[in-house]
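Q: First the structure, then my questions, so here it is.
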Amino acid sequence: QLAFGLDHIHSRGILLGGLEAEGVFRGQDGLWKLADFSRSTRLPISVADWLEQCGAPQHDEAAGNSRRGPTERFPPEVAAVGDGALRQEMDVWFLGQLLAGILLEGGSMGCIPAAALGAVSGEALLCPVFARLWLLLHWLLSDEPQERPQANEVAALTGALADLLPSELLEEMPCSGRLRINGVVRAAARQLAMDEAVASIPSPAARSAAIHRVASLPLAVVRDELADSTRLDTLCRNCGFDLAIDAGIAAPKHCLRDASTDAGSASSSGEATSDV
């Protein structure tokens with residue numbers, strides 16, 4: 001409902017410019033409404049002009065003063081004051097921050113969204129709906145505004161979230177987001193596997209050896225050695241993570257093709273490509 005609200009004002013050339021729990025209310029019709037337009041503006045507008053319009057203090061590099069409050073409350077494109085034009089997708093980032101605060105911090109807005117997403121536990125990802133929303137939040141909080149979905153797309157995705165396959169979400173997301181997700185899921189899956197491996201081992205020495213083994217082997221091998229891999233399989237299925245690609249960086253196929261293309265271009269221009 002909030003995404004539909006954003007789409008409505010975006011269709012009229014308006015940027016909301018901020019979205020926090022205090023600026024949202026539920027109407028008598030039962031629908032959630034956008035209520036805080038204190039930082040709203042008409043597009044197009046530059047970052048510097050928007051900051052001046054909403055009264056945010058400018059950054060003085062010589063004096064070392066910050067031009068705003070906690071940096072986590074603003075999307076990355078606001079970090080560099082200049083003539084760059086703000087985009088409607090800035091509001092999508094604010095929506096992602098609000099949802100991340102509710103989902104991961106019990107409604108607190110004091111968290112840094114990217115850090116909170118990266119610190120998610122394997123236990124939480126065992127819930128399929130939670131895992132799908134967690135995947136979606138990475139997309140909403142993409143560093144580059146042009147890589148984020150538009151508000152109407154967010155509305156459609158959240159409305160069908162319970163029925164979406166993780167692979168469908170991942171295919172639409174930018175490469176950088178998928179790489180980040182793979183890293184977090186790999187770490188969460190390994191921790192879950194460690195917990196399963198040592199659950200029935202009474203000896204501290206044996207537990208230490210089991211932890212070392214789980215930490216050093218590919219997850220696919222660890223999975224085959226577990227007495228019960230149900231929870232690990234569930235986590236991987238919920239996040240669209242394939243244990244078969246757990247060697248090195250599990251890059252999406254198109255990312256690997258891009259890297260190969262870059263390597264080929266470098267080779268043709270006489271550059272060394274052995275590290276690539």
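Lettering and numbering for the structure tokens are positional, with chains as A, B, ... in the shown order, residues counted from 1 in each chain, and ligands counted from 1 in the shown order.
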May I have the residues within 8 Å of Ala162 (chain A) as JSON, numbers by chain, using only C-alpha atoms and disregarding those fewer than 4 positions away in the same chain?

A: {"A": [128, 129, 132]}

Q: At a cut-off of 10 Å, using only C-alpha atoms, what residues contact Gly122 (chain A)? Leave out same-chain residues fewer than 3 positions from it and give the result as a ChimeraX atom specification.

A: /A:119,125-127,131,184-193,231-232,235-236

Q: Would you output that residue set with C-alpha atoms, as a short mmCIF file (atom, residue, chain, number, x, y, z; two decimals), in the first residue's frame?

A:
data_model
loop_
_atom_site.label_atom_id
_atom_site.label_comp_id
_atom_site.auth_asym_id
_atom_site.auth_seq_id
_atom_site.Cartn_x
_atom_site.Cartn_y
_atom_site.Cartn_z
CA ALA A 119 23.79 -9.82 9.86
CA LEU A 125 15.98 -17.46 6.70
CA LEU A 126 14.26 -20.78 7.42
CA CYS A 127 10.96 -18.87 7.09
CA ALA A 131 13.60 -14.99 3.18
CA VAL A 184 25.50 -13.67 3.34
CA VAL A 185 23.59 -16.88 2.59
CA ARG A 186 26.81 -18.86 2.36
CA ALA A 187 27.91 -17.65 5.80
CA ALA A 188 24.46 -18.26 7.32
CA ALA A 189 24.28 -21.74 5.80
CA ARG A 190 27.72 -22.65 7.10
CA GLN A 191 26.82 -21.48 10.61
CA LEU A 192 23.62 -23.52 10.45
CA ALA A 193 25.62 -26.55 9.32
CA ARG A 231 17.31 -27.26 7.73
CA LEU A 232 20.29 -26.50 5.51
CA LEU A 235 17.60 -22.29 3.98
CA CYS A 236 19.24 -22.74 0.57
#

Q: Given only C-alpha atoms as the basis, pick out the residue of A:Leu179, A:Ala115, A:Val154, A:Val221 nearest to Leu95 (chain A).

A: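 Closest candidate: A:Val154.
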
Q: If you run DSSP on the backbone, which residues of region 32-209 of chain A are helix (DSSP H, G or I), as an MDAnalysis selection string?

A: chainID A and resid 47:53 71:73 76:78 89:105 113:118 124:126 128:140 145:147 151:159 161:163 166:172 175:198 204:209

Q: For a quick check of understanding, using only C-alpha atoms, which of A:Gln150, A:Val78, A:Leu133, A:Leu226 has the smallest distance to Leu103 (chain A)?

A: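 Residue with the minimum atom-to-atom distance to Leu103 (chain A): A:Leu133.
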
Q: Using only C-alpha atoms for the distances, tell me which of A:Asp29, A:Asp91, A:Ala244, A:Pro166 is nearest to Thr41 (chain A).

A: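 Residue with the minimum atom-to-atom distance to Thr41 (chain A): A:Asp91.
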
Q: Which value, in Å to one decimal, gives the distance between CA of Val24 (chain A) and CA of Glu52 (chain A)?

A: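 Those two atoms sit 24.3 Å apart.
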
Q: I'd like the neighbourhood of region 134-138 of chain A as a ChimeraX atom specification, where a residue qualifies if any of its atoms comes within 8 Å (using only C-alpha atoms), though same-chain residues fewer than 2 positions away should be ignored.

A: /A:96,99-100,114,117,130-132,140-142,166,169-170,177,181,239

Q: Excluding same-chain residues fewer than 6 positions from Met194 (chain A), what lies within 9 Å of it counting only C-alpha atoms, as a tab-separated table (two decimals) with N, CA and C atoms, in the first residue's frame?

A:
chain	number	residue	atom	x	y	z
A	210	ALA	N	35.02	-30.87	14.70
A	210	ALA	CA	33.88	-30.82	13.78
A	210	ALA	C	33.70	-29.42	13.21
A	211	ILE	N	33.86	-28.41	14.07
A	211	ILE	CA	33.73	-27.02	13.61
A	211	ILE	C	34.80	-26.70	12.58
A	214	VAL	N	33.86	-28.39	9.26
A	214	VAL	CA	32.75	-27.72	8.57
A	214	VAL	C	33.22	-26.40	7.96
A	215	ALA	N	34.14	-25.72	8.66
A	215	ALA	CA	34.62	-24.42	8.18
A	215	ALA	C	35.53	-24.55	6.97

Q: Please indicate the distance in Å from CA of Leu243 (chain A) to CA of Arg213 (chain A), rounded to one decimal place.

A: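 If I compute the distance from CA of Leu243 (chain A) to CA of Arg213 (chain A), I get 16.8 Å.
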
Q: Hey, can you check how far CA of Glu225 (chain A) sits from CA of Pro204 (chain A)?

A: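 A separation of 19.7 Å between them.
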
Q: Between A:Thr230, A:Ser46, A:Gln97, A:Ser216, single out the one closest to Gly84 (chain A), counting only C-alpha atoms.

A: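 Closest residue, counting only C-alpha atoms: A:Ser46.
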
Q: With only C-alpha atoms counted and 12 Å as the cut-off, give the residues of region 103-176 of chain A in contact with region 7-14 of chain A, each with its shortest interatomic distance in Å and the pair that gives it, as a tab-separated table.

A:
residue	atom	partner	partner_atom	distance
A:Pro149	CA	A:Asp7	CA	11.3
A:Gln150	CA	A:Asp7	CA	7.8
A:Ala151	CA	A:Asp7	CA	5.0
A:Asn152	CA	A:Asp7	CA	5.5
A:Glu153	CA	A:Asp7	CA	9.0
A:Val154	CA	A:Asp7	CA	9.3
A:Ala155	CA	A:Asp7	CA	8.5
A:Ala156	CA	A:Asp7	CA	11.2

Q: Residues as selected, N, CA and C atoms, written as a CSV table (one decimal), in the first residue's frame, can you do that?

A:
chain,number,residue,atom,x,y,z
A,149,PRO,N,14.1,-1.2,-8.2
A,149,PRO,CA,12.8,-1.2,-9.0
A,149,PRO,C,12.0,0.1,-8.7
A,150,GLN,N,11.1,0.4,-9.6
A,150,GLN,CA,10.2,1.5,-9.4
A,150,GLN,C,9.1,1.2,-8.4
A,151,ALA,N,8.5,2.2,-7.9
A,151,ALA,CA,7.5,2.0,-6.8
A,151,ALA,C,6.4,1.0,-7.3
A,152,ASN,N,5.9,1.2,-8.5
A,152,ASN,CA,4.8,0.3,-9.0
A,152,ASN,C,5.3,-1.2,-9.0
A,153,GLU,N,6.6,-1.4,-9.4
A,153,GLU,CA,7.1,-2.7,-9.4
A,153,GLU,C,7.2,-3.3,-8.0
A,154,VAL,N,7.6,-2.5,-7.0
A,154,VAL,CA,7.7,-2.9,-5.6
A,154,VAL,C,6.3,-3.3,-5.1
A,155,ALA,N,5.3,-2.5,-5.5
A,155,ALA,CA,3.9,-2.9,-5.1
A,155,ALA,C,3.5,-4.2,-5.6
A,156,ALA,N,3.8,-4.5,-6.9
A,156,ALA,CA,3.4,-5.8,-7.5
A,156,ALA,C,4.2,-6.9,-6.9
